[in-house]
$ cat final_38.tsv   # TSV, C-alpha atoms
chain	number	residue	atom	x	y	z
A	8	MET	CA	176.61	-172.06	-36.65
A	9	ALA	CA	178.52	-168.85	-36.06
A	10	GLU	CA	181.55	-168.15	-38.20
A	11	VAL	CA	184.91	-166.91	-36.91
A	12	ALA	CA	185.45	-164.07	-39.36
A	13	ALA	CA	188.83	-162.99	-37.99
A	14	VAL	CA	191.25	-163.72	-35.18
A	15	ILE	CA	193.24	-160.71	-34.03
A	16	ALA	CA	196.07	-160.41	-31.52
A	17	SER	CA	197.55	-157.08	-30.53
A	18	THR	CA	199.43	-155.17	-27.91
A	19	HIS	CA	197.31	-152.61	-26.03
A	20	HIS	CA	199.39	-149.50	-25.69
A	21	PRO	CA	197.38	-147.07	-23.54
A	22	PHE	CA	199.24	-144.06	-25.00
A	23	TYR	CA	197.93	-144.62	-28.55
A	24	TYR	CA	194.74	-142.64	-28.01
A	25	ARG	CA	196.57	-139.57	-26.75
A	26	ALA	CA	199.39	-139.83	-29.32
A	27	SER	CA	197.00	-140.25	-32.24
A	28	THR	CA	194.74	-137.35	-31.26
A	29	ALA	CA	197.49	-134.90	-30.26
A	30	THR	CA	198.21	-131.97	-32.57
A	31	GLY	CA	200.97	-129.40	-33.02
A	32	ALA	CA	203.82	-129.43	-30.50
A	33	ASP	CA	202.02	-132.06	-28.40
A	34	ARG	CA	202.09	-134.62	-31.20
A	35	PRO	CA	204.95	-137.09	-30.69
A	36	PRO	CA	207.29	-137.65	-33.65
A	37	PHE	CA	206.31	-141.33	-33.97
A	38	ALA	CA	202.54	-140.62	-34.07
A	39	ASP	CA	202.08	-140.50	-37.86
A	40	GLU	CA	203.82	-143.83	-38.48
A	41	TRP	CA	201.89	-145.38	-35.60
A	42	VAL	CA	198.54	-144.13	-36.91
A	43	ALA	CA	199.34	-145.44	-40.41
A	44	LYS	CA	200.10	-148.90	-39.04
A	45	ILE	CA	196.95	-148.89	-36.92
A	46	GLU	CA	194.81	-147.84	-39.89
A	47	ARG	CA	196.15	-150.78	-41.95
A	48	PHE	CA	195.52	-153.07	-38.98
A	49	ARG	CA	191.98	-151.71	-38.56
A	50	GLU	CA	191.26	-152.48	-42.20
A	51	THR	CA	191.95	-156.17	-41.54
A	52	LEU	CA	189.02	-156.24	-39.12
A	53	THR	CA	186.75	-154.02	-41.21
A	54	LYS	CA	187.22	-156.32	-44.22
A	55	ALA	CA	186.09	-159.32	-42.14
A	56	ARG	CA	182.64	-157.67	-41.62
A	57	PRO	CA	182.16	-158.84	-38.02
A	58	ASP	CA	178.80	-158.69	-36.20
A	59	VAL	CA	180.13	-159.53	-32.73
A	60	LEU	CA	183.50	-159.14	-31.00
A	61	VAL	CA	184.86	-161.54	-28.38
A	62	MET	CA	187.42	-159.41	-26.53
A	63	VAL	CA	190.16	-161.09	-24.47
A	64	GLY	CA	192.02	-158.85	-22.06
A	65	SER	CA	193.11	-158.52	-18.44
A	66	ASP	CA	191.83	-156.20	-15.74
A	67	HIS	CA	194.66	-154.11	-14.25
A	68	PHE	CA	193.40	-154.01	-10.64
A	69	HIS	CA	190.43	-151.87	-11.57
A	70	GLN	CA	187.35	-153.89	-10.69
A	71	LEU	CA	188.99	-157.25	-9.91
A	72	TRP	CA	190.93	-157.27	-6.68
A	73	LEU	CA	192.98	-159.58	-4.47
A	74	ASP	CA	190.13	-160.27	-2.03
A	75	ASN	CA	188.32	-162.23	-4.75
A	76	MET	CA	190.48	-162.84	-7.80
A	77	PRO	CA	189.24	-164.96	-10.72
A	78	GLN	CA	191.71	-166.62	-13.10
A	79	PHE	CA	189.39	-166.52	-16.13
A	80	LEU	CA	186.17	-164.51	-16.19
A	81	VAL	CA	183.45	-163.95	-18.79
A	82	GLY	CA	181.37	-160.77	-18.77
A	83	LYS	CA	177.67	-161.44	-19.37
A	84	ALA	CA	175.67	-158.23	-19.37
A	85	PRO	CA	173.63	-156.12	-21.80
A	86	PHE	CA	176.12	-153.24	-21.48
A	87	PHE	CA	179.65	-152.67	-20.33
A	88	ASP	CA	180.76	-149.27	-19.12
A	89	ALA	CA	184.43	-148.73	-19.72
A	90	ASN	CA	187.58	-147.04	-18.49
A	91	PHE	CA	188.33	-145.86	-15.01
A	92	TYR	CA	189.30	-142.56	-13.40
A	93	ASN	CA	192.96	-143.55	-13.16
A	94	GLU	CA	193.07	-144.47	-16.88
A	95	GLU	CA	191.51	-141.12	-17.77
A	96	ARG	CA	194.08	-139.47	-15.49
A	97	GLU	CA	197.19	-141.27	-16.80
A	98	PHE	CA	196.33	-142.01	-20.42
A	99	GLY	CA	193.56	-139.55	-21.28
A	100	LEU	CA	191.21	-142.41	-22.18
A	101	PRO	CA	187.56	-141.46	-22.64
A	102	LYS	CA	184.66	-143.03	-20.76
A	103	MET	CA	182.77	-145.43	-23.04
A	104	THR	CA	179.75	-147.75	-23.00
A	105	LEU	CA	179.70	-150.87	-25.15
A	106	ARG	CA	176.83	-153.25	-25.82
A	107	GLY	CA	177.13	-156.85	-24.67
A	108	GLU	CA	176.20	-160.03	-26.58
A	109	GLU	CA	174.60	-161.98	-23.74
A	110	GLU	CA	173.56	-164.98	-25.78
A	111	LEU	CA	177.13	-165.75	-26.82
A	112	ALA	CA	178.40	-165.03	-23.30
A	113	ALA	CA	175.88	-167.51	-21.86
A	114	HIS	CA	176.90	-170.10	-24.46
A	115	ILE	CA	180.61	-169.67	-23.65
A	116	LEU	CA	179.94	-169.94	-19.91
A	117	ARG	CA	177.86	-173.12	-20.20
A	118	ASP	CA	180.04	-174.74	-22.83
A	119	GLY	CA	183.26	-173.66	-21.07
A	120	LEU	CA	182.17	-175.19	-17.75
A	121	ASP	CA	181.25	-178.40	-19.56
A	122	ARG	CA	184.75	-178.44	-21.10
A	123	ASP	CA	186.32	-178.28	-17.62
A	124	PHE	CA	187.17	-174.57	-17.65
A	125	ASP	CA	185.77	-173.30	-14.35
A	126	LEU	CA	184.99	-169.85	-15.70
A	127	ALA	CA	183.97	-167.07	-13.33
A	128	PHE	CA	181.39	-164.58	-14.54
A	129	SER	CA	180.32	-161.02	-13.97
A	130	ASN	CA	176.93	-159.44	-14.66
A	131	GLU	CA	178.20	-155.93	-13.95
A	132	LEU	CA	181.66	-155.47	-15.36
A	133	ARG	CA	183.39	-152.19	-16.04
A	134	ILE	CA	186.05	-152.95	-18.61
A	135	ASP	CA	189.46	-151.34	-18.74
A	136	HIS	CA	192.05	-150.34	-21.34
A	137	SER	CA	193.05	-153.92	-22.15
A	138	ILE	CA	189.73	-154.08	-24.02
A	139	THR	CA	189.06	-150.43	-24.84
A	140	CYS	CA	192.48	-149.89	-26.46
A	141	PRO	CA	191.74	-152.45	-29.20
A	142	ILE	CA	188.25	-150.98	-29.58
A	143	ILE	CA	189.87	-147.57	-30.12
A	144	THR	CA	192.44	-148.93	-32.59
A	145	LEU	CA	190.36	-151.53	-34.43
A	146	ARG	CA	186.73	-150.37	-34.16
A	147	PRO	CA	186.71	-146.76	-33.00
A	148	GLN	CA	183.01	-146.36	-33.75
A	149	ALA	CA	182.48	-148.91	-30.91
A	150	ASP	CA	179.25	-150.05	-32.51
A	151	LEU	CA	179.44	-153.85	-32.14
A	152	PRO	CA	178.30	-155.95	-29.17
A	153	ILE	CA	181.07	-157.64	-27.25
A	154	VAL	CA	181.76	-160.59	-24.97
A	155	PRO	CA	184.65	-159.62	-22.69
A	156	ILE	CA	186.85	-162.43	-21.37
A	157	TYR	CA	189.36	-161.53	-18.68
A	158	THR	CA	192.46	-163.54	-17.85
A	159	ASN	CA	194.72	-163.18	-14.84
A	160	ILE	CA	198.21	-162.30	-16.07
A	161	PHE	CA	198.72	-159.85	-13.26
A	162	ALA	CA	198.21	-161.23	-9.77
A	163	PRO	CA	200.19	-164.40	-9.05
A	164	PRO	CA	199.66	-167.30	-8.66
A	165	LEU	CA	198.81	-167.36	-12.37
A	166	PRO	CA	197.57	-170.22	-14.56
A	167	GLN	CA	200.25	-171.96	-16.63
A	168	PRO	CA	200.96	-170.78	-20.22
A	169	LYS	CA	199.57	-174.03	-21.65
A	170	ARG	CA	196.25	-173.28	-19.95
A	171	PHE	CA	196.02	-170.00	-21.86
A	172	VAL	CA	196.62	-171.91	-25.12
A	173	GLN	CA	194.02	-174.52	-24.16
A	174	LEU	CA	191.45	-171.85	-23.34
A	175	GLY	CA	192.15	-170.16	-26.67
A	176	LYS	CA	191.51	-173.39	-28.55
A	177	ALA	CA	188.31	-173.89	-26.57
A	178	ILE	CA	187.10	-170.32	-27.23
A	179	ARG	CA	187.52	-170.93	-30.95
A	180	GLU	CA	185.49	-174.16	-30.76
A	181	MET	CA	182.86	-172.60	-28.53
A	182	VAL	CA	182.31	-169.67	-30.88
A	183	GLU	CA	182.07	-172.07	-33.81
A	184	SER	CA	179.47	-174.16	-31.94
A	185	TRP	CA	177.26	-171.14	-31.15
A	186	GLU	CA	173.91	-171.58	-32.90
A	187	SER	CA	173.84	-168.29	-34.72
A	188	ASP	CA	174.42	-166.94	-38.19
A	189	LYS	CA	176.61	-164.14	-36.80
A	190	ARG	CA	180.15	-163.39	-37.90
A	191	VAL	CA	182.39	-163.25	-34.84
A	192	ALA	CA	185.85	-161.70	-34.57
A	193	ILE	CA	187.94	-162.93	-31.66
A	194	ILE	CA	190.34	-160.20	-30.51
A	195	GLY	CA	192.87	-160.47	-27.71
A	196	THR	CA	195.53	-158.14	-26.38
A	197	GLY	CA	198.65	-158.66	-24.33
A	198	HIS	CA	202.27	-157.59	-24.23
A	199	LEU	CA	205.65	-158.52	-25.58
A	200	SER	CA	208.53	-157.84	-23.17
A	201	LEU	CA	207.48	-155.18	-20.70
A	202	GLU	CA	208.75	-153.73	-17.44
A	203	LEU	CA	206.49	-151.67	-15.18
A	204	GLY	CA	207.63	-150.16	-11.91
A	205	GLY	CA	211.10	-151.74	-12.09
A	206	PRO	CA	214.61	-150.63	-13.05
A	207	ARG	CA	214.23	-151.48	-16.75
A	208	GLN	CA	211.07	-149.48	-17.39
A	209	PHE	CA	210.61	-146.74	-20.01
A	210	GLY	CA	213.80	-147.48	-21.96
A	211	GLU	CA	214.52	-146.62	-25.59
A	212	HIS	CA	212.71	-149.80	-26.65
A	213	GLY	CA	211.18	-152.84	-24.92
A	214	PRO	CA	213.33	-154.31	-22.14
A	215	ASP	CA	214.21	-157.45	-24.15
A	216	PRO	CA	214.34	-156.98	-27.95
A	217	GLU	CA	215.57	-160.56	-28.42
A	218	PHE	CA	212.49	-161.93	-26.65
A	219	ASP	CA	210.31	-159.63	-28.76
A	220	ARG	CA	211.88	-160.89	-31.98
A	221	LYS	CA	211.28	-164.51	-30.98
A	222	ALA	CA	207.77	-163.79	-29.74
A	223	VAL	CA	206.75	-162.13	-33.02
A	224	GLU	CA	208.12	-165.14	-34.92
A	225	TRP	CA	206.20	-167.63	-32.72
A	226	ILE	CA	202.96	-165.72	-33.18
A	227	ALA	CA	203.35	-164.96	-36.90
A	228	SER	CA	204.15	-168.59	-37.72
A	229	GLY	CA	201.66	-170.13	-35.26
A	230	ASP	CA	204.49	-172.01	-33.54
A	231	ILE	CA	202.62	-172.94	-30.38
A	232	GLU	CA	204.81	-175.96	-29.72
A	233	GLY	CA	208.05	-173.96	-29.99
A	234	CYS	CA	206.63	-171.19	-27.83
A	235	LEU	CA	205.42	-173.57	-25.11
A	236	ALA	CA	208.82	-175.32	-25.12
A	237	GLU	CA	210.56	-172.05	-24.19
A	238	VAL	CA	208.02	-170.11	-22.19
A	239	SER	CA	207.17	-170.84	-18.56
A	240	LEU	CA	205.81	-168.83	-15.65
A	241	GLU	CA	209.42	-168.63	-14.40
A	242	SER	CA	211.02	-167.69	-17.74
A	243	LEU	CA	208.60	-164.80	-18.31
A	244	HIS	CA	210.17	-162.87	-15.41
A	245	HIS	CA	213.39	-162.44	-17.38
A	246	PRO	CA	212.28	-160.31	-20.37
A	247	GLY	CA	210.62	-157.80	-18.01
A	248	ASN	CA	208.49	-157.92	-14.88
A	249	ALA	CA	205.16	-157.40	-16.71
A	250	THR	CA	205.87	-159.87	-19.52
A	251	HIS	CA	203.33	-162.40	-18.23
A	252	GLY	CA	200.91	-160.40	-20.38
A	253	PHE	CA	202.45	-162.37	-23.26
A	254	MET	CA	200.23	-165.27	-22.16
A	255	ASP	CA	197.26	-163.44	-23.70
A	256	PHE	CA	199.12	-163.65	-27.02
A	257	MET	CA	199.57	-167.36	-26.36
A	258	LEU	CA	195.83	-167.65	-25.79
A	259	MET	CA	195.27	-166.01	-29.17
A	260	MET	CA	197.73	-168.43	-30.81
A	261	GLY	CA	195.46	-171.15	-29.41
A	262	VAL	CA	192.46	-169.44	-31.02
A	263	ALA	CA	194.27	-169.18	-34.37
A	264	GLY	CA	195.52	-172.79	-34.26
A	265	GLU	CA	198.85	-174.67	-34.34
A	266	GLY	CA	200.89	-173.88	-37.43
A	267	ARG	CA	198.50	-171.18	-38.66
A	268	LYS	CA	200.52	-168.37	-40.20
A	269	ALA	CA	199.09	-164.93	-39.59
A	270	ASP	CA	197.67	-163.18	-42.66
A	271	HIS	CA	198.74	-159.75	-41.37
A	272	VAL	CA	201.86	-159.11	-39.28
A	273	ASP	CA	203.17	-155.71	-38.30
A	274	THR	CA	205.32	-154.29	-35.52
A	275	LEU	CA	206.46	-150.90	-34.32
A	276	ASP	CA	209.49	-150.41	-32.11
A	277	LEU	CA	208.46	-147.72	-29.65
A	278	PHE	CA	210.09	-146.42	-26.50
A	279	HIS	CA	209.16	-148.57	-23.51
A	280	THR	CA	207.71	-151.51	-25.49
A	281	MET	CA	207.33	-153.01	-28.95
A	282	GLU	CA	203.93	-152.86	-30.57
A	283	ALA	CA	202.78	-155.96	-32.50
A	284	TYR	CA	199.70	-156.59	-34.63
A	285	PHE	CA	198.47	-159.90	-36.07
A	286	THR	CA	195.36	-160.95	-38.00
A	287	TRP	CA	194.32	-164.42	-39.12
A	288	TYR	CA	191.41	-165.27	-41.41
A	289	PRO	CA	190.36	-168.86	-40.55
A	290	ASN	CA	188.24	-169.16	-43.68
A	291	GLY	CA	190.53	-167.37	-46.09
A	292	ALA	CA	191.18	-163.68	-46.58
A	293	PRO	CA	188.07	-161.66	-47.46
A	294	ALA	CA	187.98	-159.97	-50.85
G	13	MET	CA	204.91	-158.52	6.51
G	14	SER	CA	201.75	-158.15	4.46
G	15	LYS	CA	202.24	-157.58	0.77
G	16	TYR	CA	198.47	-157.81	0.53
G	17	LEU	CA	197.92	-154.84	2.84
G	18	LEU	CA	200.55	-152.73	1.06
G	19	ASP	CA	198.78	-153.51	-2.21
G	20	LYS	CA	195.41	-152.69	-0.64
G	21	PHE	CA	196.72	-149.29	0.41
G	22	LEU	CA	198.10	-148.55	-3.06
G	23	TYR	CA	194.94	-149.85	-4.77
G	24	THR	CA	192.42	-147.95	-2.67
G	25	VAL	CA	194.37	-144.69	-2.82
G	26	ASP	CA	195.15	-144.88	-6.55
G	27	ARG	CA	191.49	-145.32	-7.54
G	28	ASP	CA	190.26	-142.31	-5.56
G	29	PRO	CA	191.20	-138.80	-6.78
G	30	GLU	CA	190.78	-137.24	-3.32
G	31	LEU	CA	193.01	-139.81	-1.68
G	32	VAL	CA	195.70	-139.40	-4.34
G	33	GLU	CA	195.94	-135.68	-3.47
G	34	ARG	CA	195.76	-136.35	0.25
G	35	TYR	CA	198.57	-138.91	0.11
G	36	ARG	CA	200.71	-136.57	-2.00
G	37	GLU	CA	200.29	-133.64	0.39
G	38	ASP	CA	200.21	-135.45	3.74
G	39	PRO	CA	201.70	-138.94	3.56
G	40	VAL	CA	202.16	-139.34	7.34
G	41	GLY	CA	198.58	-138.33	8.17
G	42	THR	CA	197.13	-140.32	5.29
G	43	VAL	CA	198.90	-143.54	6.25
G	44	GLU	CA	197.79	-143.18	9.87
G	45	TRP	CA	194.18	-142.46	8.89
G	46	TRP	CA	194.13	-145.23	6.31
G	47	GLU	CA	195.42	-147.89	8.70
G	48	ALA	CA	192.86	-146.87	11.34
G	49	GLU	CA	189.84	-146.52	9.05
G	50	MET	CA	190.45	-148.40	5.80
G	51	ALA	CA	192.92	-151.25	6.34
G	52	ASN	CA	190.26	-153.57	7.75
G	53	LYS	CA	187.38	-152.48	5.54
G	54	LEU	CA	186.22	-155.43	3.45
G	55	LEU	CA	185.66	-153.65	0.16
G	56	ASN	CA	182.58	-155.52	-1.01
G	57	CYS	CA	180.78	-155.54	2.37
G	58	ILE	CA	179.05	-153.09	4.71
G	59	ASP	CA	181.20	-151.29	7.28
G	60	ASP	CA	180.10	-153.55	10.16
G	61	GLU	CA	181.64	-156.59	8.49
G	62	LYS	CA	185.17	-155.51	9.30
G	63	THR	CA	188.25	-157.67	9.03
G	64	THR	CA	189.84	-158.04	12.48
G	65	TRP	CA	193.52	-158.76	11.84
G	66	LEU	CA	195.16	-156.58	9.18
G	67	ALA	CA	197.96	-154.18	10.25
G	68	PHE	CA	201.18	-152.78	8.80
G	69	THR	CA	204.61	-153.53	10.22
G	70	GLU	CA	206.64	-150.49	11.24
G	71	GLU	CA	208.86	-150.93	8.15
G	72	GLU	CA	205.80	-150.88	5.89
G	73	ARG	CA	204.38	-147.79	7.57
G	74	LYS	CA	207.73	-146.06	7.16
G	75	ALA	CA	208.03	-146.90	3.45
G	76	LEU	CA	204.52	-145.58	2.80
G	77	ARG	CA	205.02	-142.46	4.95
G	78	GLU	CA	208.25	-141.65	3.10
G	79	HIS	CA	206.83	-142.25	-0.42
G	80	ASP	CA	209.68	-144.76	-0.77
G	81	HIS	CA	208.84	-146.62	-3.97
G	82	VAL	CA	212.20	-148.43	-4.02
G	83	THR	CA	211.59	-150.03	-0.62
G	84	LEU	CA	208.00	-150.85	-1.58
G	85	PHE	CA	209.37	-152.69	-4.62
G	86	GLN	CA	211.87	-154.57	-2.45
G	87	MET	CA	209.06	-155.55	-0.08
G	88	GLY	CA	207.17	-157.15	-2.97
G	89	ALA	CA	204.40	-154.58	-3.32
G	90	HIS	CA	202.80	-154.90	-6.76
G	91	PRO	CA	204.96	-152.71	-9.03
G	92	PHE	CA	202.07	-151.72	-11.30
G	93	LEU	CA	200.10	-150.30	-8.37
G	94	THR	CA	203.08	-148.41	-6.99
G	95	LEU	CA	204.07	-147.00	-10.37
G	96	THR	CA	200.56	-145.89	-11.30
G	97	LEU	CA	199.98	-144.11	-8.01
G	98	PHE	CA	203.40	-142.46	-7.94
G	99	ILE	CA	202.99	-141.21	-11.52
G	100	ALA	CA	199.65	-139.73	-10.47
G	101	MET	CA	201.28	-137.92	-7.56
G	102	PHE	CA	204.58	-136.77	-9.02
G	103	GLU	CA	204.63	-136.77	-12.82
G	104	ARG	CA	203.13	-133.27	-12.77
G	105	ASP	CA	206.32	-131.88	-11.21
G	106	HIS	CA	208.51	-133.08	-14.11
G	107	GLY	CA	208.96	-132.88	-17.88
G	108	PRO	CA	207.62	-135.60	-20.24
G	109	LEU	CA	208.73	-139.10	-19.09
G	110	GLU	CA	211.32	-137.50	-16.80
G	111	TYR	CA	209.67	-138.86	-13.67
G	112	GLN	CA	209.21	-142.37	-15.09
G	113	LYS	CA	212.86	-142.55	-16.08
G	114	ALA	CA	214.08	-141.25	-12.71
G	115	TYR	CA	211.81	-143.77	-10.98
G	116	GLY	CA	213.54	-146.60	-12.88
G	117	LYS	CA	217.00	-145.13	-12.31
G	118	ALA	CA	216.43	-145.04	-8.56
G	119	MET	CA	216.10	-148.83	-8.74
G	120	GLU	CA	219.07	-149.57	-11.01
G	121	HIS	CA	220.95	-151.36	-8.21
G	122	ILE	CA	218.18	-153.97	-8.00
G	123	THR	CA	219.05	-157.15	-9.87
G	124	MET	CA	217.14	-160.24	-10.98
G	125	PRO	CA	215.37	-162.10	-9.57
G	126	TYR	CA	213.09	-159.33	-8.35
G	127	PRO	CA	211.22	-159.75	-5.07
G	128	ASP	CA	208.24	-162.08	-5.29
G	129	ILE	CA	204.95	-160.19	-5.61
G	130	THR	CA	202.74	-163.22	-4.93
G	131	THR	CA	200.19	-162.46	-2.23
$ encode --input "final_38.tsv" --output "structure tokens"
Amino acid sequence: MAEVAAVIASTHHPFYYRASTATGADRPPFADEWVAKIERFRETLTKARPDVLVMVGSDHFHQLWLDNMPQFLVGKAPFFDANFYNEEREFGLPKMTLRGEEELAAHILRDGLDRDFDLAFSNELRIDHSITCPIITLRPQADLPIVPIYTNIFAPPLPQPKRFVQLGKAIREMVESWESDKRVAIIGTGHLSLELGGPRQFGEHGPDPEFDRKAVEWIASGDIEGCLAEVSLESLHHPGNATHGFMDFMLMMGVAGEGRKADHVDTLDLFHTMEAYFTWYPNGAPA
Amino acid sequence: MSKYLLDKFLYTVDRDPELVERYREDPVGTVEWWEAEMANKLLNCIDDEKTTWLAFTEEERKALREHDHVTLFQMGAHPFLTLTLFIAMFERDHGPLEYQKAYGKAMEHITMPYPDITT
């Protein structure tokens, strides 16, 4: 059976690529510290020696649209082109093409349906920065095949937080029941408190530092029960109007498991939002 | 009121570089053209399979014609779509992050709970 070599949860800040590649007067003052943290984070994946990446993210109204909106969708295709014109325009993100791992995608679709997750699928999916940002930070050579899994954290009505946790637990079990000798890293990205297009956007830090502090503690300690007791679809409006992206972190807590402390925890307080990076090694830290 | 149609306008303009420029330069003409030609286009179907019932209210037309992102927010248009498109149109006229901050400041009188964006 396949082995889960690492579980990784991260924010996906679209400005990292531009900040980290900028030079001279264009380089922001926080870039060096940010790059150093990302390089340490990247090493946690490299050390796990993955063969395949399951990538959990959320389309930002790029390919998925309100005339036909899936709640959870698995990409099953031999290749995934990536990044859209408006991401190139706003964030300077490059166009990319990633290989797909169709056998694992097919297994997750079949097994997921049989576990009562009515997963949608796409055989021609162009992925966006929720998946390419962690490729850029964690595996910039972009050389491993992926299985993208999209969640709807963006277009209400949304699934409940507990459903994200349940799907995370199921993804872990489904990867571990895949008949393969491959080493799989499961990587998911979301947000802490975040405001987009509202009065609290682009402040000196994230819109709700107290929520961010609690969120990091829930994730780092694997406190799914405590998190679910406080977080609801209604409560997530308060820390910032885009904070429902935190449910992708909750999904990753489900992948990591109740009470599982993260092996790597790091944060960076940036303008606009707090960055947060977590790695778990289900079978012990690699040498 | 159709939050869906406002979102459809913002979505279809934001993803198309020519339409972004056209809406920046000629908002009145672009909104009129878009409602006549695009509002009822079903995006995943051929042109003949048109929707028959989508139209803006006068208030919606006015907010779009006037590039009024504050009113769009108050109408429940998806704030990510509005922000992304408006940054594309107007960030270039400002210093770093200046436009984004002014955009937020223009909404500082808006309190929680924000308008519902459910479509």
$ closest_atom_pairs --input "final_38.tsv" --of "chain A" --to "chain G" --cutoff "8 Å" --atoms "all atoms listed in the file" --output "Markdown table"
| residue | atom | partner | partner_atom | distance |
| --- | --- | --- | --- | --- |
| A:Phe68 | CA | G:Tyr23 | CA | 7.4 |
| A:His69 | CA | G:Arg27 | CA | 7.8 |
| A:Leu73 | CA | G:Tyr16 | CA | 7.6 |
| A:Tyr92 | CA | G:Arg27 | CA | 6.8 |
| A:Asn93 | CA | G:Arg27 | CA | 6.1 |
| A:Arg96 | CA | G:Ala100 | CA | 7.5 |
| A:Glu97 | CA | G:Ala100 | CA | 7.0 |
| A:Ala162 | CA | G:Thr130 | CA | 6.9 |
| A:Pro163 | CA | G:Thr130 | CA | 5.0 |
| A:Pro164 | CA | G:Thr130 | CA | 6.3 |
| A:Leu203 | CA | G:Phe92 | CA | 5.9 |
| A:Gly204 | CA | G:Pro91 | CA | 4.7 |
| A:Gly205 | CA | G:Gly116 | CA | 5.7 |
| A:Pro206 | CA | G:Gly116 | CA | 4.2 |
| A:Arg207 | CA | G:Gly116 | CA | 6.3 |
| A:Gln208 | CA | G:Gly116 | CA | 5.9 |
| A:Phe209 | CA | G:Lys113 | CA | 6.2 |
| A:Gly210 | CA | G:Lys113 | CA | 7.7 |
| A:His244 | CA | G:Pro125 | CA | 7.9 |
| A:His245 | CA | G:Met124 | CA | 7.7 |
$ closest_residue --input "final_38.tsv" --among "A:Ser17, A:Thr158, A:Gln148, A:Asn290" --to "A:Arg190" --atoms "only C-alpha atoms"
A:Asn290
$ closest_residue --input "final_38.tsv" --among "A:Asp135, A:Glu211, A:Glu180, A:Glu237" --to "A:Leu71" --atoms "all atoms listed in the file"
A:Asp135
$ residues_around --input "final_38.tsv" --residues "stretch 249-263 of chain A" --least-positions-apart "5" --cutoff "7 Å" --atoms "only C-alpha atoms" --output "ChimeraX atom specification"
/A:14,16,160,168,171-176,178-179,195-203,226,229,231,243-244,287
$ atom_distance --input "final_38.tsv" --atom1 "atom CA of A:Arg267" --atom2 "atom CA of A:Ser228"
6.3 Å
$ atom_distance --input "final_38.tsv" --atom1 "atom CA of A:Leu100" --atom2 "atom CA of G:Tyr35"
23.7 Å
$ axis_aligned_box --input "final_38.tsv" --around "stretch 75-81 of chain A" --padding-each-side "6 Å" --output "AutoDock Vina command-line options"
--center_x 187.6 --center_y -164.4 --center_z -11.8 --size_x 20.3 --size_y 16.4 --size_z 26.0
$ atom_distance --input "final_38.tsv" --atom1 "atom CA of A:Arg25" --atom2 "atom CA of G:Leu22"
25.4 Å
$ residues_around --input "final_38.tsv" --residues "A:Leu52" --least-positions-apart "5" --cutoff "9 Å" --atoms "only C-alpha atoms" --output "list in words"
Ala12, Ala13, Val14, Ile15, Pro57, Leu145, Arg146, Ala192 and Thr286 of chain A
$ closest_residue --input "final_38.tsv" --among "A:Glu232, A:Asp58, A:Glu241, A:Glu282" --to "A:Lys169" --atoms "all atoms listed in the file"
A:Glu232
$ closest_residue --input "final_38.tsv" --among "G:Ser14, G:Ala89, G:Pro127, G:Gly107" --to "G:Thr69" --atoms "only C-alpha atoms"
G:Ser14
$ closest_residue --input "final_38.tsv" --among "G:Leu66, G:Cys57, G:Met50, G:Leu76" --to "G:Asp38" --atoms "only C-alpha atoms"
G:Leu76
$ closest_residue --input "final_38.tsv" --among "A:Gln167, A:Asn130, A:Thr18, A:Ser137" --to "A:Phe48" --atoms "only C-alpha atoms"
A:Thr18
$ residues_around --input "final_38.tsv" --residues "A:Phe87" --least-positions-apart "2" --cutoff "6 Å" --atoms "only C-alpha atoms" --output "PyMOL selection string"
chain A and resi 104-105+133
